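Student: Sharing entry_11.txt below, compact mmCIF, N, CA and C atoms:
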```
# COMPACT_ATOMS: atom_id res chain seq x y z
N MET V 1 8.69 3.24 32.81
CA MET V 1 8.96 1.84 32.58
C MET V 1 8.40 1.04 33.74
N ASP V 2 8.10 -0.17 33.49
CA ASP V 2 7.58 -1.09 34.49
C ASP V 2 8.66 -1.37 35.54
N PRO V 3 8.30 -1.50 36.82
CA PRO V 3 9.31 -1.78 37.85
C PRO V 3 10.08 -3.07 37.62
N SER V 4 9.51 -3.99 36.88
CA SER V 4 10.21 -5.25 36.64
C SER V 4 11.31 -5.11 35.59
N GLY V 5 11.36 -3.96 34.89
CA GLY V 5 12.40 -3.74 33.90
C GLY V 5 11.94 -4.05 32.48
N PHE V 6 10.73 -4.51 32.32
CA PHE V 6 10.21 -4.83 30.99
C PHE V 6 9.22 -3.77 30.57
N ALA V 7 9.17 -3.49 29.27
CA ALA V 7 8.19 -2.55 28.74
C ALA V 7 6.81 -3.20 28.82
N PRO V 8 5.77 -2.39 28.92
CA PRO V 8 4.42 -2.95 28.95
C PRO V 8 4.12 -3.74 27.69
N LEU V 9 3.29 -4.74 27.84
CA LEU V 9 2.96 -5.62 26.71
C LEU V 9 2.26 -4.86 25.60
N GLY V 10 1.45 -3.88 25.94
CA GLY V 10 0.70 -3.13 24.94
C GLY V 10 1.58 -2.40 23.96
N ALA V 11 2.73 -1.89 24.42
CA ALA V 11 3.62 -1.16 23.52
C ALA V 11 4.22 -2.10 22.48
N GLY V 12 4.60 -3.28 22.91
CA GLY V 12 5.16 -4.24 21.96
C GLY V 12 4.13 -4.70 20.94
N LEU V 13 2.90 -4.91 21.41
CA LEU V 13 1.85 -5.33 20.49
C LEU V 13 1.50 -4.22 19.50
N ALA V 14 1.58 -2.97 19.95
CA ALA V 14 1.30 -1.85 19.05
C ALA V 14 2.34 -1.78 17.94
N HIS V 15 3.60 -1.98 18.29
CA HIS V 15 4.66 -1.97 17.28
C HIS V 15 4.52 -3.14 16.31
N MET V 16 4.18 -4.30 16.84
CA MET V 16 4.00 -5.46 15.97
C MET V 16 2.81 -5.27 15.05
N GLY V 17 1.71 -4.72 15.57
CA GLY V 17 0.54 -4.47 14.74
C GLY V 17 0.80 -3.44 13.67
N ALA V 18 1.58 -2.41 14.01
CA ALA V 18 1.92 -1.40 13.01
C ALA V 18 2.79 -1.99 11.91
N GLY V 19 3.71 -2.86 12.27
CA GLY V 19 4.56 -3.50 11.26
C GLY V 19 3.76 -4.41 10.35
N ILE V 20 2.86 -5.17 10.92
CA ILE V 20 2.01 -6.06 10.10
C ILE V 20 1.10 -5.23 9.20
N GLY V 21 0.53 -4.15 9.76
CA GLY V 21 -0.33 -3.29 8.96
C GLY V 21 0.40 -2.63 7.81
N ALA V 22 1.63 -2.20 8.06
CA ALA V 22 2.43 -1.58 6.99
C ALA V 22 2.73 -2.60 5.89
N GLY V 23 3.05 -3.82 6.29
CA GLY V 23 3.32 -4.86 5.30
C GLY V 23 2.11 -5.18 4.46
N ILE V 24 0.95 -5.27 5.09
CA ILE V 24 -0.28 -5.56 4.35
C ILE V 24 -0.60 -4.41 3.39
N ALA V 25 -0.39 -3.17 3.83
CA ALA V 25 -0.68 -2.02 2.98
C ALA V 25 0.21 -2.02 1.74
N ILE V 26 1.48 -2.32 1.92
CA ILE V 26 2.40 -2.31 0.78
C ILE V 26 2.10 -3.47 -0.17
N VAL V 27 1.82 -4.64 0.38
CA VAL V 27 1.49 -5.79 -0.47
C VAL V 27 0.19 -5.52 -1.23
N GLY V 28 -0.79 -4.93 -0.56
CA GLY V 28 -2.05 -4.60 -1.23
C GLY V 28 -1.86 -3.62 -2.37
N GLY V 29 -1.02 -2.61 -2.15
CA GLY V 29 -0.74 -1.65 -3.22
C GLY V 29 -0.03 -2.31 -4.40
N GLY V 30 0.90 -3.21 -4.10
CA GLY V 30 1.61 -3.92 -5.17
C GLY V 30 0.68 -4.80 -5.98
N ILE V 31 -0.21 -5.50 -5.31
CA ILE V 31 -1.17 -6.35 -6.02
C ILE V 31 -2.10 -5.50 -6.87
N GLY V 32 -2.54 -4.36 -6.31
CA GLY V 32 -3.43 -3.48 -7.07
C GLY V 32 -2.78 -2.95 -8.33
N ILE V 33 -1.54 -2.52 -8.23
CA ILE V 33 -0.85 -2.00 -9.41
C ILE V 33 -0.57 -3.12 -10.41
N GLY V 34 -0.27 -4.31 -9.92
CA GLY V 34 -0.06 -5.44 -10.83
C GLY V 34 -1.31 -5.78 -11.61
N LEU V 35 -2.46 -5.82 -10.94
CA LEU V 35 -3.72 -6.09 -11.64
C LEU V 35 -4.06 -4.97 -12.62
N LEU V 36 -3.78 -3.75 -12.22
CA LEU V 36 -4.03 -2.61 -13.10
C LEU V 36 -3.19 -2.70 -14.37
N ALA V 37 -1.91 -3.00 -14.21
CA ALA V 37 -1.03 -3.11 -15.37
C ALA V 37 -1.44 -4.28 -16.27
N ALA V 38 -1.85 -5.38 -15.67
CA ALA V 38 -2.28 -6.54 -16.48
C ALA V 38 -3.51 -6.19 -17.31
N GLY V 39 -4.46 -5.50 -16.69
CA GLY V 39 -5.66 -5.09 -17.43
C GLY V 39 -5.34 -4.09 -18.53
N ALA V 40 -4.43 -3.17 -18.24
CA ALA V 40 -4.06 -2.18 -19.26
C ALA V 40 -3.34 -2.84 -20.44
N MET V 41 -2.46 -3.75 -20.15
CA MET V 41 -1.75 -4.44 -21.24
C MET V 41 -2.72 -5.28 -22.07
N SER V 42 -3.68 -5.89 -21.41
CA SER V 42 -4.69 -6.66 -22.14
C SER V 42 -5.53 -5.76 -23.03
N GLY V 43 -5.91 -4.59 -22.50
CA GLY V 43 -6.69 -3.65 -23.31
C GLY V 43 -5.90 -3.09 -24.48
N ILE V 44 -4.63 -2.80 -24.26
CA ILE V 44 -3.80 -2.28 -25.35
C ILE V 44 -3.58 -3.36 -26.40
N ALA V 45 -3.46 -4.61 -25.98
CA ALA V 45 -3.29 -5.70 -26.95
C ALA V 45 -4.54 -5.88 -27.81
N ARG V 46 -5.70 -5.64 -27.22
CA ARG V 46 -6.94 -5.81 -27.99
C ARG V 46 -7.21 -4.62 -28.91
N GLN V 47 -6.88 -3.41 -28.43
CA GLN V 47 -7.13 -2.21 -29.23
C GLN V 47 -5.89 -1.30 -29.19
N PRO V 48 -4.93 -1.57 -30.04
CA PRO V 48 -3.69 -0.78 -30.02
C PRO V 48 -3.90 0.70 -30.33
N GLN V 49 -4.95 1.05 -31.06
CA GLN V 49 -5.17 2.45 -31.41
C GLN V 49 -5.56 3.30 -30.20
N SER V 50 -6.03 2.68 -29.12
CA SER V 50 -6.40 3.44 -27.93
C SER V 50 -5.36 3.32 -26.82
N ALA V 51 -4.12 3.06 -27.19
CA ALA V 51 -3.06 2.85 -26.20
C ALA V 51 -2.81 4.11 -25.38
N ALA V 52 -2.85 5.28 -25.99
CA ALA V 52 -2.57 6.52 -25.26
C ALA V 52 -3.62 6.77 -24.18
N THR V 53 -4.88 6.54 -24.52
CA THR V 53 -5.96 6.75 -23.55
C THR V 53 -5.85 5.77 -22.40
N ILE V 54 -5.60 4.52 -22.72
CA ILE V 54 -5.48 3.49 -21.68
C ILE V 54 -4.28 3.77 -20.78
N GLN V 55 -3.17 4.16 -21.39
CA GLN V 55 -1.96 4.42 -20.61
C GLN V 55 -2.16 5.61 -19.67
N THR V 56 -2.84 6.65 -20.13
CA THR V 56 -3.10 7.81 -19.28
C THR V 56 -3.97 7.42 -18.08
N ALA V 57 -5.04 6.68 -18.34
CA ALA V 57 -5.92 6.24 -17.26
C ALA V 57 -5.18 5.32 -16.29
N MET V 58 -4.29 4.46 -16.83
CA MET V 58 -3.53 3.55 -15.98
C MET V 58 -2.59 4.33 -15.07
N LEU V 59 -1.92 5.33 -15.58
CA LEU V 59 -0.99 6.11 -14.76
C LEU V 59 -1.70 6.89 -13.67
N ILE V 60 -2.88 7.43 -13.97
CA ILE V 60 -3.64 8.14 -12.95
C ILE V 60 -4.09 7.18 -11.86
N ALA V 61 -4.60 6.02 -12.25
CA ALA V 61 -5.04 5.03 -11.27
C ALA V 61 -3.87 4.50 -10.44
N ALA V 62 -2.72 4.30 -11.06
CA ALA V 62 -1.54 3.82 -10.32
C ALA V 62 -1.10 4.86 -9.29
N GLY V 63 -1.17 6.11 -9.65
CA GLY V 63 -0.84 7.17 -8.69
C GLY V 63 -1.79 7.18 -7.50
N LEU V 64 -3.07 6.97 -7.76
CA LEU V 64 -4.04 6.92 -6.66
C LEU V 64 -3.80 5.71 -5.77
N ILE V 65 -3.48 4.58 -6.36
CA ILE V 65 -3.20 3.38 -5.57
C ILE V 65 -1.96 3.59 -4.71
N GLU V 66 -0.92 4.17 -5.28
CA GLU V 66 0.30 4.44 -4.52
C GLU V 66 0.03 5.43 -3.39
N GLY V 67 -0.81 6.41 -3.65
CA GLY V 67 -1.14 7.39 -2.62
C GLY V 67 -1.86 6.75 -1.44
N ILE V 68 -2.77 5.85 -1.72
CA ILE V 68 -3.50 5.17 -0.64
C ILE V 68 -2.56 4.25 0.13
N ALA V 69 -1.68 3.55 -0.56
CA ALA V 69 -0.73 2.68 0.13
C ALA V 69 0.23 3.50 0.99
N PHE V 70 0.66 4.65 0.49
CA PHE V 70 1.55 5.52 1.27
C PHE V 70 0.84 6.08 2.49
N LEU V 71 -0.43 6.46 2.33
CA LEU V 71 -1.21 6.95 3.46
C LEU V 71 -1.35 5.88 4.54
N ALA V 72 -1.63 4.65 4.13
CA ALA V 72 -1.74 3.55 5.10
C ALA V 72 -0.41 3.32 5.81
N LEU V 73 0.69 3.43 5.09
CA LEU V 73 2.01 3.27 5.69
C LEU V 73 2.29 4.37 6.72
N VAL V 74 1.94 5.60 6.40
CA VAL V 74 2.14 6.71 7.33
C VAL V 74 1.28 6.52 8.58
N ILE V 75 0.05 6.08 8.41
CA ILE V 75 -0.83 5.85 9.55
C ILE V 75 -0.27 4.76 10.45
N CYS V 76 0.27 3.70 9.86
CA CYS V 76 0.87 2.63 10.66
C CYS V 76 2.07 3.15 11.45
N PHE V 77 2.89 3.98 10.82
CA PHE V 77 4.04 4.53 11.54
C PHE V 77 3.60 5.48 12.66
N LEU V 78 2.57 6.27 12.41
CA LEU V 78 2.07 7.17 13.45
C LEU V 78 1.52 6.39 14.64
N LEU V 79 0.82 5.31 14.35
CA LEU V 79 0.30 4.47 15.44
C LEU V 79 1.42 3.76 16.19
N SER V 80 2.49 3.47 15.50
CA SER V 80 3.61 2.80 16.13
C SER V 80 4.31 3.71 17.14
N PHE V 81 4.41 5.00 16.81
CA PHE V 81 5.12 5.93 17.68
C PHE V 81 4.23 6.62 18.71
N LYS V 82 2.96 6.29 18.73
CA LYS V 82 2.03 6.92 19.66
C LYS V 82 2.21 6.39 21.06
```
What is this file in structure tokens?
Tutor:
Amino acid sequence: MDPSGFAPLGAGLAHMGAGIGAGIAIVGGGIGIGLLAAGAMSGIARQPQSAATIQTAMLIAAGLIEGIAFLALVICFLLSFK
């Protein structure tokens, strides 16, 4: 610890940056899934007979988006505790 009793400025900025990064990652994932669902619903409304195919592709893409958002969140936490 610093002799003055305060933590170094860099540690506080690292925690703040990690928190902001985690928030951006989660918001980005939410926006991505929202746009994906809107496109899928629009496609199903236009061609109801292909609903199963569209739904399968939507679920796979949503899983990939969630995985990337979770990875970004883990990276932010790792940087925060470094």
Student: List the spatial neighbours of segment 63-67 of chain V as number ranges by chain - criterion: any atom at most 6 Å away, all atoms listed in the file, same-chain residues fewer than 5 positions off excluded.
Tutor: V: 29, 58, 72
Student: Take atom C of Phe81 of chain V and atom N of Ile33 of chain V and report the distance between them in Å, one decimal.
Tutor: 29.0 Å
Student: Taking into account only N, CA and C atoms, which residue in the set V:Pro48, V:Gly39, V:Ile54, V:Ala69 is nearest to Val27 of chain V?
Tutor: V:Ala69
Student: Could you state the separation of atom C of Gly17 of chain V and atom CA of Gly32 of chain V in Å, given to one decimal place?
Tutor: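 Result for atom C of Gly17 of chain V versus atom CA of Gly32 of chain V: 21.2 Å, one decimal.
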Student: Between atom CA of Ile31 of chain V and atom CA of Val74 of chain V, what is the distance in Å, rounded to a tenth?
Tutor: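 Result for atom CA of Ile31 of chain V versus atom CA of Val74 of chain V: 19.0 Å, one decimal.
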Student: I need the residue nearest Ile75 of chain V from this list: V:Ala11, V:Gly21, V:Met16, V:Ala45. Use only C-alpha atoms for the distance.
Tutor: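 Closest to Ile75 of chain V, using only C-alpha atoms: V:Gly21.
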Student: Compare V:Phe77, V:Ile44, V:Ile26, V:Leu36 by their minimum atom-to-atom distance to Leu59 of chain V, counting only C-alpha atoms, and give me the closest one.
Tutor: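 Among the listed residues, V:Leu36 lies closest to Leu59 of chain V.
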